[in-house]
>>> print(open('target_28.txt').read())   # compact mmCIF, C-alpha atoms
# COMPACT_ATOMS: atom_id res chain seq x y z
CA MET A 17 25.24 -48.51 17.72
CA LYS A 18 26.29 -44.90 17.34
CA PRO A 19 27.01 -42.87 20.47
CA GLN A 20 24.71 -40.04 21.40
CA TYR A 21 25.58 -36.61 20.08
CA VAL A 22 26.47 -34.68 23.24
CA PRO A 23 28.42 -37.47 25.00
CA GLY A 24 30.16 -38.29 21.71
CA LEU A 25 31.12 -34.65 21.23
CA PHE A 26 32.36 -34.48 24.82
CA ALA A 27 34.41 -37.67 24.35
CA GLU A 28 36.00 -36.35 21.15
CA SER A 29 36.71 -32.72 22.05
CA GLY A 30 36.22 -32.41 25.80
CA LEU A 31 34.95 -29.25 27.46
CA VAL A 32 36.79 -27.13 24.89
CA GLY A 33 34.46 -28.35 22.15
CA LEU A 34 31.31 -29.04 24.16
CA THR A 35 31.06 -25.66 25.88
CA PRO A 36 30.91 -23.52 22.70
CA PHE A 37 28.43 -25.95 21.15
CA LEU A 38 26.08 -25.74 24.12
CA LEU A 39 26.46 -21.94 24.26
CA ILE A 40 25.54 -21.68 20.59
CA LEU A 41 22.40 -23.79 21.15
CA TYR A 42 21.52 -21.68 24.20
CA GLN A 43 21.86 -18.42 22.26
CA MET A 44 19.80 -19.83 19.40
CA PHE A 45 16.97 -20.65 21.81
CA ARG A 46 17.20 -17.17 23.37
CA VAL A 47 16.93 -15.45 19.98
CA GLY A 48 14.03 -17.69 19.00
CA LEU A 49 12.18 -16.94 22.23
CA ARG A 50 12.78 -13.19 21.89
CA VAL A 51 11.36 -13.15 18.38
CA TYR A 52 8.43 -15.32 19.44
CA ARG A 53 7.55 -12.98 22.32
CA LYS A 54 7.94 -9.67 20.46
CA ALA A 55 6.87 -10.44 16.90
CA GLU A 56 3.39 -10.70 15.47
CA GLY A 57 1.85 -12.66 12.63
CA PHE A 58 4.10 -14.59 10.29
CA GLU A 59 7.31 -13.72 12.15
CA ARG A 60 5.91 -15.11 15.40
CA GLU A 61 4.76 -18.30 13.70
CA PHE A 62 8.11 -18.75 11.99
CA ALA A 63 9.90 -18.33 15.33
CA LEU A 64 7.63 -21.05 16.74
CA VAL A 65 8.58 -23.35 13.85
CA PHE A 66 12.25 -22.69 14.58
CA LEU A 67 11.80 -23.37 18.31
CA LEU A 68 10.03 -26.64 17.57
CA ALA A 69 12.74 -27.67 15.11
CA ALA A 70 15.46 -26.79 17.64
CA ALA A 71 13.71 -28.74 20.40
CA SER A 72 13.35 -31.70 18.05
CA TYR A 73 17.05 -31.42 17.21
CA VAL A 74 18.10 -31.39 20.87
CA ILE A 75 15.80 -34.31 21.78
CA GLY A 76 16.92 -36.32 18.75
CA ALA A 77 20.56 -35.61 19.54
CA ASN A 78 20.14 -37.40 22.86
CA PHE A 79 19.30 -40.65 21.08
CA SER A 80 21.38 -40.56 17.89
CA ASP A 81 24.45 -38.98 16.38
CA TYR A 82 23.72 -35.85 14.33
CA ARG A 83 27.33 -34.97 13.54
CA ASN A 84 27.08 -36.49 10.07
CA ALA A 85 23.40 -35.72 9.45
CA GLN A 86 23.81 -32.80 7.08
CA PHE A 87 20.08 -32.31 6.53
CA CYS A 88 19.35 -31.87 10.25
CA ASN A 89 22.26 -29.51 10.81
CA THR A 90 21.60 -27.46 7.68
CA THR A 91 17.90 -27.14 8.42
CA LEU A 92 18.50 -26.01 12.00
CA PHE A 93 21.05 -23.36 11.09
CA PHE A 94 19.05 -22.19 8.05
CA LEU A 95 15.95 -21.64 10.18
CA PHE A 96 18.06 -19.90 12.81
CA GLY A 97 19.51 -17.56 10.18
CA ILE A 98 16.02 -16.51 9.14
CA VAL A 99 14.91 -15.97 12.76
CA ALA A 100 18.07 -13.97 13.48
CA SER A 101 17.37 -11.76 10.45
CA ILE A 102 13.81 -11.23 11.68
CA GLU A 103 15.21 -10.12 15.02
CA ALA A 104 17.68 -7.79 13.32
CA SER A 105 14.91 -6.23 11.23
CA MET A 106 12.83 -5.72 14.38
CA ARG A 107 15.67 -3.71 15.92
CA LEU A 108 15.93 -1.30 12.98
CA PRO A 109 14.04 1.97 13.24
CA ALA A 110 10.79 1.93 11.30
CA GLN A 111 11.58 5.02 9.26
CA ARG A 112 14.65 7.20 9.04
CA SER A 113 13.81 10.86 9.09
CA GLY A 114 15.67 13.45 7.08
CA VAL A 115 16.94 11.01 4.45
CA SER A 116 15.74 11.54 0.92
CA HIS A 117 16.61 9.41 -2.06
CA PRO A 118 16.24 10.51 -5.65
CA ARG A 119 13.51 8.81 -7.61
CA LEU A 120 14.92 7.03 -10.60
CA TRP A 121 11.58 6.19 -12.20
CA THR A 122 8.04 7.46 -11.78
CA LEU A 123 4.94 5.49 -12.69
CA THR A 124 2.44 7.77 -14.44
CA ARG A 125 -0.57 7.36 -16.71
CA ASP A 126 -0.78 8.81 -20.20
CA VAL A 127 -3.86 10.28 -21.88
CA GLN A 128 -5.37 6.87 -22.66
CA GLY A 129 -4.86 5.72 -19.05
CA THR A 130 -1.98 3.33 -19.76
CA ALA A 131 0.73 3.06 -17.14
CA VAL A 132 4.04 4.54 -18.28
CA LEU A 133 7.43 4.54 -16.57
CA ARG A 134 9.25 7.85 -16.92
CA PRO A 135 12.56 9.04 -15.55
CA GLY A 136 11.96 10.50 -12.10
CA GLU A 137 12.98 13.77 -10.58
CA SER A 138 15.38 14.19 -7.70
CA GLY A 139 13.75 14.78 -4.37
CA PRO A 140 10.82 13.22 -2.55
>>> encode(input="target_28.txt", output="structure tokens")
Amino acid sequence: MKPQYVPGLFAESGLVGLTPFLLILYQMFRVGLRVYRKAEGFEREFALVFLLAAASYVIGANFSDYRNAQFCNTTLFFLFGIVASIEASMRLPAQRSGVSHPRLWTLTRDVQGTAVLRPGESGP
């Protein structure tokens, strides 16, 4: 029988290894909860999926050893990466004022009504 994840990690690396692991899980839950509370629509639902996957991971880790389960670890950290990017995009300002970018292409219609891409002009 394999040892449980947290006691096995503690037995192998002591407090030096267990403390950062638990802090990482704690921060992941905090980010997930922040996104769930502040976001709307798809972002909120995705944060809920992440929180459920993280809770499943923590509960499953109490009964089995996930150190060699690459699918579980990869899925958890992949979902967390997406939730963290959602949080980062929520922190960005919605629109930067005073910044103009040159248009490289402009979509116009010719005489027959067909869409045509033409080189754009500089300025908004």
>>> residues_around(input="target_28.txt", residues="region 66-74 of chain A", least_positions_apart="3", cutoff="9 Å", atoms="all atoms listed in the file", output="MDAnalysis selection string")
chainID A and resid 41 44:45 48:49 52 61:63 77:78 82 88:89 91:92 95:96 99
>>> atom_distance(input="target_28.txt", atom1="CA of Glu103 (chain A)", atom2="CA of Thr90 (chain A)")
19.9 Å
>>> atom_distance(input="target_28.txt", atom1="CA of Phe93 (chain A)", atom2="CA of Ile40 (chain A)")
10.6 Å
>>> atom_distance(input="target_28.txt", atom1="CA of Pro23 (chain A)", atom2="CA of Gln43 (chain A)")
20.3 Å
>>> closest_residue(input="target_28.txt", among="A:Leu38, A:Val65, A:Val51, A:Val32", to="Ser105 (chain A)", atoms="all atoms listed in the file")
A:Val51
